[in-house]
Amino acid sequence: MTTWVDNPEGGRARGPRGVARAWVEVMVRPTRFFGNGVSPGDQAPGLVFASTVATCFLVGRFLTAPETVPTTLGGPALSSLVALVAVAVFVAPAALHLTAAVQTVLLVVASLDFDRERGLYQRERAGISQTVQVVAYAAAPCALAGPAVPSLRAACALYATALLALGVRTVHGTTTGRAVAATAIPAAMAFGVGFGGFEAVATLLARWYII
């Protein structure tokens, strides 16, 4: 599940510089990145990227909303450290693969077609490892979503949702309509619930309604 390939292409350099480069690329040139930077079987860089994004999100949340820091381990400093390690090592990888699994199932359904001569058949699409990578890299905007600013968090979630649809369309060679339909539920899981997009949008709507 976390195989590294020997000769990655486009934005897949290893180490902190590789993660930073991938983040910039997917944020400013997503079509190019998804077209060149997603390789079969090369899940490890995507897994590291997703863990980094989740950690950055949590750091931003803790810094701007100290009341969210857990204090079950005797103090905020130790509790914050344990929470960050748990998210980076356990929560983020588990959430990534769960979301990717749901995405894979929906892509199978979305790639089905019916032809009068051939009957029901499935369009060609990329493999599961590419799906994992697309989900991981689509989360890039959420690295900035930690601060308790509803407009920022909502914007990050919406951009991540758009990136997921774009990545699926580019990597799996499907249409925009199919990509949007197939990514709606995974995007809601990862960016709406996981990174607080739904809560941010609800807060904004409540403010606008009051005004």
# chains A, B, ... in the order shown; residues from 1 in each chain; ligands from 1
$ residues_around --residues "Ala206 (chain A)" --least-positions-apart "6" --cutoff "12 Å" --atoms "only C-alpha atoms" --output "number ranges by chain"
A: 150, 199-200
$ residues_around --residues "Pro93 (chain A)" --least-positions-apart "6" --cutoff "10 Å" --atoms "only C-alpha atoms" --output "PyMOL selection string"
chain A and resi 46-48+50-51+54+87+99+136
$ write_last_selection --atoms "C-alpha atoms" --output "mmCIF file, in the first residue's frame"
data_model
loop_
_atom_site.group_PDB
_atom_site.id
_atom_site.type_symbol
_atom_site.label_atom_id
_atom_site.label_comp_id
_atom_site.auth_asym_id
_atom_site.auth_seq_id
_atom_site.Cartn_x
_atom_site.Cartn_y
_atom_site.Cartn_z
ATOM 1 C CA GLY A 46 0.900 10.829 -1.256
ATOM 2 C CA LEU A 47 0.544 9.294 2.188
ATOM 3 C CA VAL A 48 3.286 11.556 3.561
ATOM 4 C CA ALA A 50 -1.772 13.768 3.378
ATOM 5 C CA SER A 51 -0.257 13.369 6.850
ATOM 6 C CA ALA A 54 -3.547 17.052 8.322
ATOM 7 C CA VAL A 87 -3.090 12.409 13.466
ATOM 8 C CA THR A 99 -11.908 7.895 1.549
ATOM 9 C CA ALA A 136 -4.194 12.867 -0.854
#
$ closest_residue --among "A:Gln43, A:Gln103, A:Ser111, A:Thr52" --to "Leu164 (chain A)" --atoms "only C-alpha atoms"
A:Gln103
$ residues_around --residues "Ala155 (chain A)" --least-positions-apart "4" --cutoff "10 Å" --atoms "only C-alpha atoms" --output "ChimeraX atom specification"
/A:141-142,144-145,150-151,159-161,197,200-201
$ atom_distance --atom1 "CA of Arg169 (chain A)" --atom2 "CA of Arg125 (chain A)"
9.9 Å
$ select_by_dssp --residues "region 8-195 of chain A" --states "strand (DSSP E)" --output "compact mmCIF listing (two decimals) with all heavy atoms, in the first residue's frame"
# COMPACT_ATOMS: atom_id res chain seq x y z
N LEU A 112 -19.28 2.74 -15.49
CA LEU A 112 -20.12 1.78 -16.19
C LEU A 112 -20.88 2.45 -17.33
O LEU A 112 -21.37 3.57 -17.19
CB LEU A 112 -21.11 1.13 -15.23
CG LEU A 112 -20.52 0.22 -14.15
CD1 LEU A 112 -21.62 -0.27 -13.21
CD2 LEU A 112 -19.81 -0.98 -14.79
N ASP A 113 -20.97 1.78 -18.45
CA ASP A 113 -21.71 2.27 -19.60
C ASP A 113 -22.52 1.12 -20.18
O ASP A 113 -22.24 -0.06 -19.92
CB ASP A 113 -20.77 2.82 -20.66
CG ASP A 113 -20.56 4.32 -20.51
OD1 ASP A 113 -21.51 5.02 -20.09
OD2 ASP A 113 -19.44 4.79 -20.76
N PHE A 114 -23.51 1.48 -20.98
CA PHE A 114 -24.32 0.46 -21.63
C PHE A 114 -24.29 0.68 -23.13
O PHE A 114 -24.51 1.79 -23.63
CB PHE A 114 -25.77 0.50 -21.15
CG PHE A 114 -26.62 -0.58 -21.76
CD1 PHE A 114 -26.57 -1.88 -21.27
CD2 PHE A 114 -27.46 -0.30 -22.82
CE1 PHE A 114 -27.34 -2.88 -21.85
CE2 PHE A 114 -28.23 -1.30 -23.41
CZ PHE A 114 -28.17 -2.59 -22.92
N ASP A 115 -23.94 -0.37 -23.83
CA ASP A 115 -23.90 -0.35 -25.29
C ASP A 115 -24.83 -1.44 -25.80
O ASP A 115 -24.83 -2.55 -25.28
CB ASP A 115 -22.46 -0.59 -25.78
CG ASP A 115 -22.36 -0.44 -27.28
OD1 ASP A 115 -22.65 -1.42 -27.99
OD2 ASP A 115 -21.99 0.65 -27.74
N GLY A 119 -23.60 -4.59 -24.44
CA GLY A 119 -24.27 -4.66 -23.16
C GLY A 119 -23.59 -3.77 -22.14
O GLY A 119 -22.95 -2.78 -22.49
N LEU A 120 -23.69 -4.13 -20.89
CA LEU A 120 -23.08 -3.33 -19.83
C LEU A 120 -21.57 -3.59 -19.80
O LEU A 120 -21.13 -4.73 -19.74
CB LEU A 120 -23.68 -3.69 -18.47
CG LEU A 120 -23.28 -2.81 -17.29
CD1 LEU A 120 -23.83 -1.40 -17.48
CD2 LEU A 120 -23.81 -3.40 -15.98
N TYR A 121 -20.77 -2.53 -19.85
CA TYR A 121 -19.32 -2.68 -19.81
C TYR A 121 -18.72 -1.52 -19.02
O TYR A 121 -19.38 -0.53 -18.75
CB TYR A 121 -18.73 -2.73 -21.22
CG TYR A 121 -18.75 -1.41 -21.95
CD1 TYR A 121 -17.60 -0.60 -22.00
CD2 TYR A 121 -19.91 -0.94 -22.58
CE1 TYR A 121 -17.62 0.61 -22.66
CE2 TYR A 121 -19.92 0.26 -23.24
CZ TYR A 121 -18.78 1.03 -23.29
OH TYR A 121 -18.80 2.23 -23.93
N GLN A 122 -17.46 -1.68 -18.65
CA GLN A 122 -16.79 -0.68 -17.83
C GLN A 122 -15.71 0.03 -18.63
O GLN A 122 -14.89 -0.62 -19.30
CB GLN A 122 -16.17 -1.33 -16.58
CG GLN A 122 -15.55 -0.34 -15.62
CD GLN A 122 -15.03 -1.01 -14.36
OE1 GLN A 122 -15.32 -2.16 -14.09
NE2 GLN A 122 -14.26 -0.28 -13.59
$ closest_residue --among "A:Ala22, A:Thr55, A:Leu84, A:Gly127" --to "Phe34 (chain A)" --atoms "only C-alpha atoms"
A:Ala22
$ select_by_dssp --residues "region 3-198 of chain A" --states "helix (DSSP H, G or I)" --output "ChimeraX atom specification"
/A:15-28,30-36,44-64,66-68,76-110,128-138,140-144,150-172,176-194,197-198
$ closest_residue --among "A:Val102, A:Val171, A:Met27, A:Val59" --to "Pro186 (chain A)" --atoms "only C-alpha atoms"
A:Val102
$ atom_distance --atom1 "CA of Gly173 (chain A)" --atom2 "CA of Gln130 (chain A)"
12.0 Å
$ decode --residues "region 19-53 of chain A" --atoms "N, CA, C and O atoms" --output "compact mmCIF listing (two decimals), in the first residue's frame"
# COMPACT_ATOMS: atom_id res chain seq x y z
N VAL A 19 7.66 17.54 -0.64
CA VAL A 19 6.31 17.82 -0.16
C VAL A 19 5.92 19.26 -0.46
O VAL A 19 4.82 19.54 -0.93
N ALA A 20 6.85 20.20 -0.18
CA ALA A 20 6.57 21.61 -0.44
C ALA A 20 6.35 21.87 -1.93
O ALA A 20 5.44 22.61 -2.32
N ARG A 21 7.18 21.25 -2.75
CA ARG A 21 7.04 21.43 -4.20
C ARG A 21 5.71 20.88 -4.69
O ARG A 21 5.03 21.51 -5.51
N ALA A 22 5.35 19.70 -4.20
CA ALA A 22 4.08 19.11 -4.60
C ALA A 22 2.92 20.00 -4.19
O ALA A 22 1.95 20.17 -4.94
N TRP A 23 2.99 20.58 -2.97
CA TRP A 23 1.92 21.44 -2.50
C TRP A 23 1.75 22.66 -3.40
O TRP A 23 0.63 23.01 -3.79
N VAL A 24 2.85 23.30 -3.74
CA VAL A 24 2.77 24.48 -4.62
C VAL A 24 2.23 24.10 -5.98
O VAL A 24 1.37 24.78 -6.54
N GLU A 25 2.73 22.99 -6.52
CA GLU A 25 2.29 22.56 -7.85
C GLU A 25 0.80 22.28 -7.90
O GLU A 25 0.10 22.71 -8.82
N VAL A 26 0.30 21.53 -6.92
CA VAL A 26 -1.12 21.16 -6.96
C VAL A 26 -2.01 22.36 -6.67
O VAL A 26 -3.16 22.42 -7.13
N MET A 27 -1.50 23.35 -5.94
CA MET A 27 -2.28 24.54 -5.65
C MET A 27 -2.38 25.48 -6.85
O MET A 27 -3.44 26.08 -7.09
N VAL A 28 -1.29 25.62 -7.60
CA VAL A 28 -1.27 26.62 -8.68
C VAL A 28 -1.36 26.02 -10.08
O VAL A 28 -1.81 26.68 -11.01
N ARG A 29 -0.93 24.76 -10.25
CA ARG A 29 -1.01 24.11 -11.55
C ARG A 29 -1.57 22.70 -11.40
O ARG A 29 -0.88 21.71 -11.69
N PRO A 30 -2.79 22.58 -10.93
CA PRO A 30 -3.32 21.25 -10.60
C PRO A 30 -3.46 20.31 -11.79
O PRO A 30 -3.18 19.11 -11.66
N THR A 31 -3.88 20.81 -12.93
CA THR A 31 -4.04 19.94 -14.09
C THR A 31 -2.71 19.33 -14.49
O THR A 31 -2.61 18.12 -14.76
N ARG A 32 -1.69 20.16 -14.53
CA ARG A 32 -0.35 19.67 -14.86
C ARG A 32 0.14 18.68 -13.82
O ARG A 32 0.72 17.65 -14.16
N PHE A 33 -0.11 18.99 -12.55
CA PHE A 33 0.37 18.10 -11.50
C PHE A 33 -0.30 16.74 -11.58
O PHE A 33 0.37 15.70 -11.53
N PHE A 34 -1.63 16.73 -11.66
CA PHE A 34 -2.32 15.44 -11.71
C PHE A 34 -1.97 14.66 -12.97
O PHE A 34 -1.97 13.43 -12.96
N GLY A 35 -1.66 15.39 -14.04
CA GLY A 35 -1.29 14.70 -15.27
C GLY A 35 0.08 14.08 -15.23
O GLY A 35 0.33 13.02 -15.84
N ASN A 36 1.02 14.71 -14.51
CA ASN A 36 2.41 14.26 -14.50
C ASN A 36 2.88 13.70 -13.16
O ASN A 36 3.88 12.99 -13.12
N GLY A 37 2.22 14.03 -12.08
CA GLY A 37 2.74 13.70 -10.76
C GLY A 37 2.11 12.53 -10.06
O GLY A 37 2.41 12.27 -8.90
N VAL A 38 1.22 11.83 -10.73
CA VAL A 38 0.56 10.66 -10.13
C VAL A 38 1.02 9.42 -10.87
O VAL A 38 0.77 9.28 -12.07
N SER A 39 1.73 8.54 -10.17
CA SER A 39 2.32 7.35 -10.78
C SER A 39 1.72 6.08 -10.20
O SER A 39 1.46 6.02 -8.99
N PRO A 40 1.54 5.05 -11.02
CA PRO A 40 0.99 3.77 -10.52
C PRO A 40 1.86 3.19 -9.42
O PRO A 40 3.08 3.12 -9.54
N GLY A 41 1.24 2.77 -8.33
CA GLY A 41 1.94 2.12 -7.25
C GLY A 41 2.76 3.02 -6.36
O GLY A 41 3.40 2.56 -5.41
N ASP A 42 2.76 4.32 -6.60
CA ASP A 42 3.62 5.25 -5.88
C ASP A 42 2.83 5.97 -4.79
O ASP A 42 2.67 7.19 -4.82
N GLN A 43 2.35 5.23 -3.80
CA GLN A 43 1.46 5.80 -2.80
C GLN A 43 2.17 6.51 -1.66
O GLN A 43 1.59 7.39 -1.02
N ALA A 44 3.39 6.12 -1.35
CA ALA A 44 4.05 6.64 -0.16
C ALA A 44 4.17 8.16 -0.13
O ALA A 44 3.87 8.78 0.89
N PRO A 45 4.59 8.80 -1.22
CA PRO A 45 4.65 10.26 -1.19
C PRO A 45 3.29 10.90 -0.94
O PRO A 45 3.18 11.91 -0.24
N GLY A 46 2.25 10.32 -1.49
CA GLY A 46 0.90 10.83 -1.26
C GLY A 46 0.49 10.66 0.19
O GLY A 46 -0.17 11.53 0.77
N LEU A 47 0.86 9.54 0.79
CA LEU A 47 0.54 9.29 2.19
C LEU A 47 1.25 10.30 3.09
O LEU A 47 0.66 10.85 4.01
N VAL A 48 2.53 10.55 2.81
CA VAL A 48 3.29 11.56 3.56
C VAL A 48 2.66 12.93 3.37
O VAL A 48 2.54 13.72 4.32
N PHE A 49 2.25 13.22 2.16
CA PHE A 49 1.64 14.52 1.86
C PHE A 49 0.35 14.70 2.65
O PHE A 49 0.11 15.75 3.26
N ALA A 50 -0.50 13.68 2.65
CA ALA A 50 -1.77 13.77 3.38
C ALA A 50 -1.54 13.95 4.87
O ALA A 50 -2.24 14.74 5.53
N SER A 51 -0.57 13.23 5.43
CA SER A 51 -0.26 13.37 6.85
C SER A 51 0.26 14.77 7.16
O SER A 51 -0.07 15.35 8.20
N THR A 52 1.05 15.33 6.25
CA THR A 52 1.57 16.68 6.45
C THR A 52 0.45 17.70 6.42
O THR A 52 0.41 18.63 7.24
N VAL A 53 -0.46 17.55 5.48
CA VAL A 53 -1.60 18.48 5.38
C VAL A 53 -2.44 18.41 6.65
O VAL A 53 -2.82 19.45 7.21
